[in-house]
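query_18.txt, holding compact mmCIF, C-alpha atoms:
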```
# COMPACT_ATOMS: atom_id res chain seq x y z
CA MET W 247 27.28 1.45 10.26
CA LYS W 248 27.01 2.97 6.78
CA SER W 249 24.08 5.31 6.25
CA VAL W 250 21.53 4.07 3.71
CA ARG W 251 20.92 6.63 0.98
CA PHE W 252 17.45 6.79 -0.56
CA ALA W 253 16.35 8.38 -3.83
CA ILE W 254 12.75 9.62 -3.99
CA ILE W 255 11.27 8.91 -7.43
CA GLY W 256 8.18 11.06 -7.85
CA CYS W 257 7.89 14.07 -5.53
CA GLY W 258 4.10 14.19 -5.20
CA ALA W 259 1.91 13.87 -2.13
CA ILE W 260 2.92 10.46 -0.78
CA SER W 261 6.63 11.22 -1.15
CA LYS W 262 6.27 13.51 1.86
CA ALA W 263 5.70 10.47 4.10
CA HIS W 264 8.85 8.80 2.79
CA ILE W 265 10.94 11.95 3.10
CA GLN W 266 9.78 12.74 6.61
CA VAL W 267 10.41 9.19 7.81
CA ILE W 268 13.85 8.87 6.19
CA GLN W 269 14.95 12.18 7.69
CA SER W 270 13.81 11.02 11.14
CA LEU W 271 15.72 7.72 11.11
CA ASP W 272 19.28 7.25 12.27
CA GLY W 273 21.40 5.72 9.53
CA ALA W 274 19.19 6.94 6.68
CA GLU W 275 19.25 9.97 4.41
CA VAL W 276 17.58 11.27 1.27
CA GLY W 277 20.30 11.35 -1.37
CA ALA W 278 18.29 12.37 -4.44
CA ALA W 279 14.95 13.78 -5.55
CA VAL W 280 13.61 12.82 -9.00
CA ASP W 281 10.53 14.14 -10.76
CA ILE W 282 9.66 14.79 -14.40
CA ASN W 283 8.39 18.20 -13.27
CA GLU W 284 11.61 20.18 -13.12
CA ALA W 285 10.28 22.85 -10.80
CA ARG W 286 9.06 20.27 -8.30
CA ALA W 287 12.28 18.25 -8.44
CA ARG W 288 14.34 21.40 -7.91
CA GLN W 289 12.14 22.57 -5.04
CA VAL W 290 12.39 19.27 -3.16
CA GLY W 291 16.10 18.91 -3.84
CA GLU W 292 16.83 22.42 -2.60
CA GLU W 293 14.65 21.97 0.48
CA LEU W 294 16.48 18.75 1.37
CA GLY W 295 19.91 19.90 0.29
CA CYS W 296 20.37 16.96 -2.04
CA PRO W 297 20.91 16.54 -5.80
CA TRP W 298 17.77 16.62 -7.93
CA TYR W 299 17.03 15.19 -11.37
CA THR W 300 14.24 15.08 -13.93
CA SER W 301 14.73 11.41 -14.81
CA ILE W 302 15.83 8.29 -13.01
CA GLU W 303 18.29 7.63 -15.82
CA ASP W 304 20.11 10.89 -15.06
CA MET W 305 20.18 10.02 -11.36
CA LEU W 306 21.53 6.52 -11.98
CA ALA W 307 24.16 7.87 -14.37
CA ASP W 308 25.54 10.25 -11.73
CA LYS W 309 28.46 8.22 -10.36
CA ASP W 310 29.27 10.94 -7.84
CA ASN W 311 25.97 10.36 -6.03
CA ALA W 312 25.86 6.88 -4.49
CA ILE W 313 22.30 5.68 -3.91
CA ASP W 314 21.33 2.43 -2.18
CA VAL W 315 17.52 2.39 -2.45
CA VAL W 316 14.98 3.97 -4.76
CA ASN W 317 11.58 4.78 -3.26
CA ILE W 318 9.09 4.83 -6.11
CA CYS W 319 6.27 7.28 -5.37
CA THR W 320 5.05 7.96 -8.90
CA ALA W 321 1.56 7.37 -10.28
CA SER W 322 0.63 3.71 -9.80
CA GLY W 323 0.87 2.78 -13.46
CA LEU W 324 4.35 4.28 -13.74
CA HIS W 325 6.07 2.03 -11.18
CA MET W 326 7.46 -0.61 -13.52
CA GLU W 327 9.85 1.40 -15.66
CA PRO W 328 11.84 3.09 -12.87
CA ALA W 329 11.84 -0.11 -10.83
CA ILE W 330 13.40 -2.11 -13.66
CA SER W 331 15.94 0.64 -14.36
CA ALA W 332 16.90 0.81 -10.69
CA ALA W 333 17.22 -2.97 -10.37
CA ALA W 334 19.45 -3.13 -13.45
CA ALA W 335 21.70 -0.54 -11.80
CA GLY W 336 21.94 -2.64 -8.63
CA LYS W 337 19.69 -0.48 -6.48
CA HIS W 338 17.20 -1.88 -4.00
CA VAL W 339 13.57 -0.95 -4.72
CA LEU W 340 10.74 0.10 -2.39
CA ILE W 341 7.42 0.81 -4.14
CA GLU W 342 4.35 2.60 -2.84
CA LYS W 343 1.06 0.71 -3.13
CA PRO W 344 -0.05 -0.82 -5.39
CA LEU W 345 3.03 -2.62 -6.69
CA GLU W 346 1.71 -1.92 -10.21
CA VAL W 347 -1.67 -1.87 -11.93
CA THR W 348 -1.55 -5.24 -13.73
CA LEU W 349 -0.13 -8.61 -12.78
CA GLU W 350 2.06 -8.57 -15.87
CA ARG W 351 3.70 -5.33 -14.79
CA CYS W 352 4.05 -6.61 -11.21
CA ASP W 353 5.76 -9.75 -12.48
CA ALA W 354 8.16 -7.76 -14.65
CA ILE W 355 9.30 -5.83 -11.56
CA ILE W 356 9.64 -8.97 -9.46
CA ASP W 357 11.61 -10.75 -12.18
CA ALA W 358 13.97 -7.79 -12.69
CA CYS W 359 14.77 -7.51 -8.99
CA LYS W 360 15.41 -11.25 -8.74
CA LYS W 361 17.60 -11.18 -11.83
CA HIS W 362 19.80 -8.41 -10.46
CA GLY W 363 19.84 -9.63 -6.85
CA VAL W 364 18.27 -6.56 -5.24
CA LEU W 365 15.61 -6.24 -2.56
CA LEU W 366 12.05 -5.45 -3.60
CA GLY W 367 9.49 -4.23 -1.11
CA GLY W 368 5.89 -3.08 -1.51
CA VAL W 369 4.55 -0.44 0.87
CA PHE W 370 1.60 -1.63 2.95
CA GLN W 371 2.28 0.28 6.11
CA SER W 372 -0.92 -0.81 7.86
CA ARG W 373 0.63 -4.23 8.48
CA PHE W 374 3.12 -2.56 10.83
CA LEU W 375 0.56 -0.99 13.15
CA PRO W 376 -0.08 -2.58 16.57
CA ALA W 377 -3.77 -3.36 16.07
CA ASN W 378 -3.26 -5.22 12.81
CA ILE W 379 -0.18 -7.03 14.10
CA LEU W 380 -2.12 -8.24 17.14
CA VAL W 381 -5.11 -9.44 15.11
CA LYS W 382 -2.77 -11.32 12.78
CA LYS W 383 -1.09 -12.89 15.83
CA ALA W 384 -4.49 -13.91 17.18
CA VAL W 385 -5.38 -15.54 13.87
CA ASP W 386 -2.06 -17.41 13.69
CA ASN W 387 -2.36 -18.58 17.32
CA GLY W 388 -5.87 -19.90 16.76
CA TYR W 389 -7.50 -17.53 19.25
CA PHE W 390 -10.42 -16.97 16.86
CA GLY W 391 -10.84 -20.64 15.97
CA LYS W 392 -11.92 -21.46 12.43
CA LEU W 393 -12.09 -18.30 10.33
CA LEU W 394 -15.63 -17.73 9.05
CA LEU W 395 -16.04 -14.14 7.85
CA GLY W 396 -13.77 -11.25 6.95
CA ASN W 397 -15.04 -7.81 5.98
CA ALA W 398 -13.10 -4.79 4.74
CA GLU W 399 -14.69 -1.34 4.42
CA VAL W 400 -13.32 1.91 3.02
CA LYS W 401 -16.25 4.31 2.78
CA TRP W 402 -14.49 7.54 1.97
CA PHE W 403 -15.16 10.69 -0.01
CA ARG W 404 -13.02 12.48 -2.57
CA ALA W 405 -14.02 15.87 -3.98
CA LYS W 406 -13.92 16.38 -7.74
CA GLU W 407 -10.76 18.47 -7.30
CA TYR W 408 -8.92 15.37 -6.06
CA TYR W 409 -9.22 13.95 -9.57
CA SER W 410 -9.06 17.15 -11.62
CA THR W 411 -5.82 18.40 -10.05
CA ALA W 412 -3.87 15.23 -10.89
CA GLY W 413 -4.56 13.93 -14.38
CA TRP W 414 -3.42 10.35 -13.63
CA ARG W 415 -6.04 9.81 -10.93
CA GLY W 416 -9.20 8.05 -11.99
CA THR W 417 -7.64 6.54 -15.12
CA TRP W 418 -7.19 2.87 -15.95
CA ARG W 419 -3.71 3.36 -17.36
CA PHE W 420 -2.12 5.26 -14.51
CA ASP W 421 -4.40 4.63 -11.49
CA GLY W 422 -5.23 1.04 -12.40
CA GLY W 423 -8.75 1.45 -11.06
CA GLY W 424 -10.61 3.66 -8.67
CA ALA W 425 -11.82 3.38 -5.09
CA LEU W 426 -10.66 -0.23 -4.78
CA MET W 427 -7.22 -0.10 -6.40
CA ASN W 428 -6.25 3.28 -4.96
CA GLN W 429 -8.05 3.81 -1.65
CA GLY W 430 -9.20 0.30 -0.73
CA ILE W 431 -6.11 -1.74 -1.47
CA HIS W 432 -4.62 -1.40 2.02
CA GLN W 433 -7.72 -3.05 3.48
CA VAL W 434 -7.64 -5.69 0.74
CA ASP W 435 -4.06 -6.46 1.73
CA LEU W 436 -4.95 -6.75 5.41
CA LEU W 437 -7.98 -8.92 4.66
CA GLN W 438 -6.05 -11.50 2.67
CA TRP W 439 -3.16 -11.34 5.19
CA MET W 440 -5.58 -12.32 7.95
CA MET W 441 -7.97 -14.64 6.13
CA GLY W 442 -5.56 -16.29 3.70
CA PRO W 443 -5.69 -16.83 -0.07
CA VAL W 444 -8.78 -15.88 -2.07
CA VAL W 445 -10.03 -18.56 -4.47
CA SER W 446 -12.99 -16.82 -6.14
CA VAL W 447 -14.64 -13.43 -6.49
CA LYS W 448 -18.04 -11.97 -7.44
CA ALA W 449 -18.39 -8.21 -7.72
CA ILE W 450 -20.22 -5.06 -8.74
CA THR W 451 -18.39 -1.81 -9.51
CA GLN W 452 -20.05 1.46 -10.46
CA ARG W 453 -19.29 5.11 -11.18
CA LEU W 454 -22.08 6.95 -9.42
CA VAL W 455 -20.87 10.46 -8.54
CA HIS W 456 -17.54 11.27 -10.21
CA GLU W 457 -18.72 11.39 -13.82
CA THR W 458 -15.44 12.64 -15.29
CA ILE W 459 -13.29 9.67 -14.25
CA GLU W 460 -12.86 6.39 -16.15
CA VAL W 461 -12.95 4.08 -13.16
CA GLU W 462 -15.28 3.14 -10.30
CA ASP W 463 -16.08 5.27 -7.28
CA LEU W 464 -17.95 2.38 -5.61
CA ALA W 465 -17.02 -1.31 -5.48
CA VAL W 466 -18.54 -4.24 -3.62
CA ALA W 467 -17.08 -7.74 -3.80
CA LEU W 468 -17.91 -11.14 -2.33
CA LEU W 469 -14.90 -13.35 -1.70
CA GLN W 470 -14.45 -17.07 -1.10
CA PHE W 471 -11.28 -17.92 0.82
CA ALA W 472 -9.28 -21.13 0.52
CA ASN W 473 -9.97 -21.93 4.18
CA GLY W 474 -13.72 -22.03 3.54
CA GLY W 475 -14.48 -18.61 4.97
CA VAL W 476 -16.16 -15.82 3.06
CA GLY W 477 -15.59 -12.10 2.90
CA VAL W 478 -16.99 -8.79 1.72
CA ILE W 479 -15.09 -5.75 0.44
CA GLU W 480 -16.70 -2.31 0.16
CA ALA W 481 -14.68 0.59 -1.21
CA SER W 482 -15.85 4.05 -2.17
CA THR W 483 -14.79 7.61 -2.89
CA CYS W 484 -18.37 8.88 -3.17
CA ILE W 485 -19.75 8.37 0.34
CA ALA W 486 -19.96 11.87 1.85
CA PRO W 487 -18.63 13.02 4.19
CA GLY W 488 -16.67 9.77 4.61
CA TYR W 489 -16.46 7.31 7.48
CA PRO W 490 -13.74 5.35 9.31
CA LYS W 491 -12.21 2.41 7.46
CA LYS W 492 -12.98 -0.90 9.10
CA LEU W 493 -11.65 -4.45 9.15
CA GLU W 494 -13.63 -7.28 10.76
CA ILE W 495 -12.29 -10.80 11.31
CA HIS W 496 -14.71 -13.34 12.77
CA GLY W 497 -14.09 -16.96 13.70
CA SER W 498 -15.81 -19.82 15.51
CA LEU W 499 -14.24 -18.84 18.86
CA GLY W 500 -13.91 -15.07 18.59
CA GLY W 501 -12.85 -12.19 16.44
CA ALA W 502 -11.96 -8.53 16.24
CA ILE W 503 -13.11 -5.25 14.76
CA VAL W 504 -10.40 -2.79 13.77
CA GLN W 505 -11.51 0.75 12.96
CA ASP W 506 -8.93 3.14 11.55
CA ASP W 507 -6.18 0.77 12.69
CA VAL W 508 -7.46 0.68 16.27
CA ILE W 509 -9.09 -2.38 17.86
CA THR W 510 -12.56 -1.31 18.96
CA ALA W 511 -13.94 -4.75 19.87
CA SER W 512 -12.44 -8.20 20.33
CA THR W 513 -13.11 -11.65 21.72
CA GLY W 514 -10.34 -14.18 22.22
CA ILE W 515 -7.39 -11.78 22.39
CA PRO W 516 -5.82 -11.94 25.87
CA GLU W 517 -5.97 -8.78 27.98
CA GLY W 518 -2.64 -7.06 28.53
CA PRO W 519 -0.22 -4.41 27.26
CA GLU W 520 -0.40 -5.61 23.62
CA LEU W 521 -4.16 -5.18 23.53
CA ASP W 522 -3.92 -1.83 25.30
CA GLU W 523 -1.46 -0.60 22.66
CA ALA W 524 -3.69 -1.92 19.88
CA LYS W 525 -6.57 0.16 21.25
CA ALA W 526 -4.53 3.39 21.05
CA SER W 527 -4.84 5.76 18.08
CA HIS W 528 -1.07 6.25 17.43
CA GLY W 529 -1.57 9.69 15.93
CA HIS W 530 -4.38 8.92 13.48
CA VAL W 531 -6.17 11.97 12.10
CA ALA W 532 -9.88 11.38 11.54
CA ASN W 533 -10.48 13.07 8.18
CA PHE W 534 -11.96 10.74 5.60
CA ALA W 535 -11.88 13.19 2.68
CA ASP W 536 -8.18 14.09 2.96
CA PRO W 537 -5.76 11.56 1.42
CA MET W 538 -2.88 12.86 3.55
CA ALA W 539 -4.69 12.62 6.89
CA ILE W 540 -2.54 9.68 7.93
CA SER W 541 -0.02 8.74 10.57
CA PHE W 542 3.50 8.02 9.32
CA LEU W 543 4.15 5.36 11.98
CA GLY W 544 3.60 2.48 9.57
CA HIS W 545 5.94 3.97 6.97
CA GLU W 546 8.56 4.49 9.66
CA ARG W 547 8.42 0.85 10.72
CA GLN W 548 8.43 -0.47 7.17
CA ILE W 549 11.39 1.64 6.06
CA SER W 550 13.20 0.64 9.27
CA ASP W 551 12.58 -3.00 8.34
CA PHE W 552 14.05 -2.33 4.89
CA ILE W 553 17.19 -0.78 6.41
CA HIS W 554 17.55 -3.68 8.84
CA VAL W 555 17.46 -6.25 6.03
CA ILE W 556 20.02 -4.29 4.01
CA HIS W 557 22.45 -4.35 6.94
CA HIS W 558 21.71 -7.74 8.47
CA GLY W 559 20.13 -9.87 5.74
CA GLY W 560 16.94 -11.86 6.00
CA THR W 561 13.58 -11.36 4.30
CA LEU W 562 11.59 -8.15 4.07
CA ALA W 563 8.30 -8.12 5.97
CA ILE W 564 6.50 -7.29 2.70
CA THR W 565 8.25 -8.59 -0.41
CA GLY W 566 7.25 -7.94 -3.99
CA GLU W 567 5.46 -11.29 -4.05
CA GLU W 568 3.46 -10.30 -0.98
CA ALA W 569 2.56 -6.92 -2.49
CA ARG W 570 1.40 -8.67 -5.67
CA LYS W 571 -1.37 -10.56 -3.82
CA SER W 572 -3.62 -7.55 -3.34
CA VAL W 573 -3.24 -6.55 -7.00
CA GLN W 574 -4.34 -10.05 -8.00
CA ILE W 575 -7.48 -9.74 -5.87
CA VAL W 576 -8.34 -6.23 -7.07
CA THR W 577 -7.90 -7.09 -10.75
CA ALA W 578 -10.03 -10.21 -10.23
CA VAL W 579 -12.75 -8.00 -8.73
CA TYR W 580 -12.66 -5.78 -11.82
CA GLU W 581 -12.81 -8.79 -14.10
CA ALA W 582 -15.76 -10.24 -12.18
CA ALA W 583 -17.64 -6.94 -12.28
CA LYS W 584 -17.04 -6.51 -16.00
CA SER W 585 -18.02 -10.06 -16.93
CA GLY W 586 -20.82 -10.53 -14.42
CA THR W 587 -19.40 -13.96 -13.58
CA THR W 588 -17.52 -15.59 -10.73
CA VAL W 589 -13.78 -15.25 -11.30
CA THR W 590 -11.46 -17.95 -9.99
CA LEU W 591 -7.99 -16.92 -8.85
```
Go through the file and emit its structure as structure tokens.
Amino acid sequence: MKSVRFAIIGCGAISKAHIQVIQSLDGAEVGAAVDINEARARQVGEELGCPWYTSIEDMLADKDNAIDVVNICTASGLHMEPAISAAAAGKHVLIEKPLEVTLERCDAIIDACKKHGVLLGGVFQSRFLPANILVKKAVDNGYFGKLLLGNAEVKWFRAKEYYSTAGWRGTWRFDGGGALMNQGIHQVDLLQWMMGPVVSVKAITQRLVHETIEVEDLAVALLQFANGGVGVIEASTCIAPGYPKKLEIHGSLGGAIVQDDVITASTGIPEGPELDEAKASHGHVANFADPMAISFLGHERQISDFIHVIHHGGTLAITGEEARKSVQIVTAVYEAAKSGTTVTL
């Protein structure tokens, strides 16, 4: 079976997860490294032994280097342009969270990939971890009964250097928001995946500690779901020293608490190997001030899913449309906080 060749667009911190996973998978290889910083592009290319470029246009124009998929790992607000260029060149597109920072930019990516008949995936690796898969299965099988309450917490800390060493962080244009859009969006995605569509939002966002950034370092939102349940989102980068992220799903017959992608309490989920696996840590590193203290298991499973669909057809586990849902919720939270009103989705 033909090896799938990936191009890494943006060689910053999160690209390391993509590179490590691709190198570990049979039938996958990194075929190009692209970054506007020439020194960084060269360094990554030389380390991997692959061609490197300072623009996606140069990479796409190189007919001697056949690429199948572009993995977009740039700043959040710089996802649209390379995605559209890649789609127009017939390349499949996999984009790190969030899909983009506005719904308009998300839709432009989705439309371009549909127009050119290429796959579009959004990275939400937490959906691929055993605890979250099992809770979703419990919801779908009715083990929890009627869903009543869903809570998502990301009470983390980021030092001032986190923002000062990367100029795009903490800006509306390139980060799209703060603690909610950047750090909290994985939990937002899981919450809506479990609880279903959100119909309205009330919110407060504040900048309490990180005075030099444009966006919030604390966000709290109250959600109304289409199924009648309610939810709360709390996201922060100013809670020192930081605490485990948490997802709680509660229904009329039972529920579950998932802390750092591990089930710590549940009612209604049958005992057995699946539950045992969901209670295991799977390599998580408990450091709530370090953005790279993560397991790469979710990325591995999502990229494997992408490769499978390329070879065998079918639908990606997380399409562009799926990845758009969390952006819609986050931007509604920002609108509600700014206006002081209830925002209907």
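Minimum atom-to-atom distance to Phe403 of chain W, evaluated using all atoms listed in the file, belongs to W:Ile485 out of W:Val579, W:Ile459, W:Ile485, W:Leu294.
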Env of Cys257 of chain W: 10 Å cut, atoms = all atoms listed in the file, seq-sep filter 6 positions within chain, self excluded. Answer as a list in words.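 Final neighbour list, sorted by chain and number: His264, Ile265, Ala279, Val280, Asp281, Ile282, Asn283, Arg286, Ala287, Gln289, Val290, Gly291, Ile318, Cys319 and Thr320 of chain W.
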I need every residue sitting at most 9 Å from the point (17.0, 2.0, -9.1) (coordinates as in the file, all atoms listed in the file considered), written as JSON, numbers by chain. {"W": [253, 302, 303, 305, 306, 313, 314, 315, 316, 317, 318, 328, 329, 330, 331, 332, 333, 334, 335, 336, 337, 338, 339]}
Quick one: residues within 8 Å of (26.6, 0.5, 7.2) (file frame), counting all atoms listed in the file, please, as a PyMOL selection string. chain W and resi 247-250+273+557
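Between atom CA of Glu275 of chain W and atom CA of Ser527 of chain W lies a distance of 28.0 Å.
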Here is a test: counting all atoms listed in the file, which residue of W:Gly363, W:Gly544, W:Gly423, W:Pro443 is nearest to Asp507 of chain W? W:Gly544
Shell around Arg351 of chain W at 12 Å using all atoms listed in the file, local window under 3 positions removed, as a PyMOL selection string: chain W and resi 322-330+344-348+354-358+419+422+566+570+573-574
Could you check the closest approach to Thr565 of chain W for each of W:Leu349, W:Val276, W:Leu365, W:Val400 and tell me which residue wins, using all atoms listed in the file? W:Leu365
Computed interatomic separation between atom CA of Asp551 of chain W and atom CA of Leu521 of chain W (Å): 22.7 Å
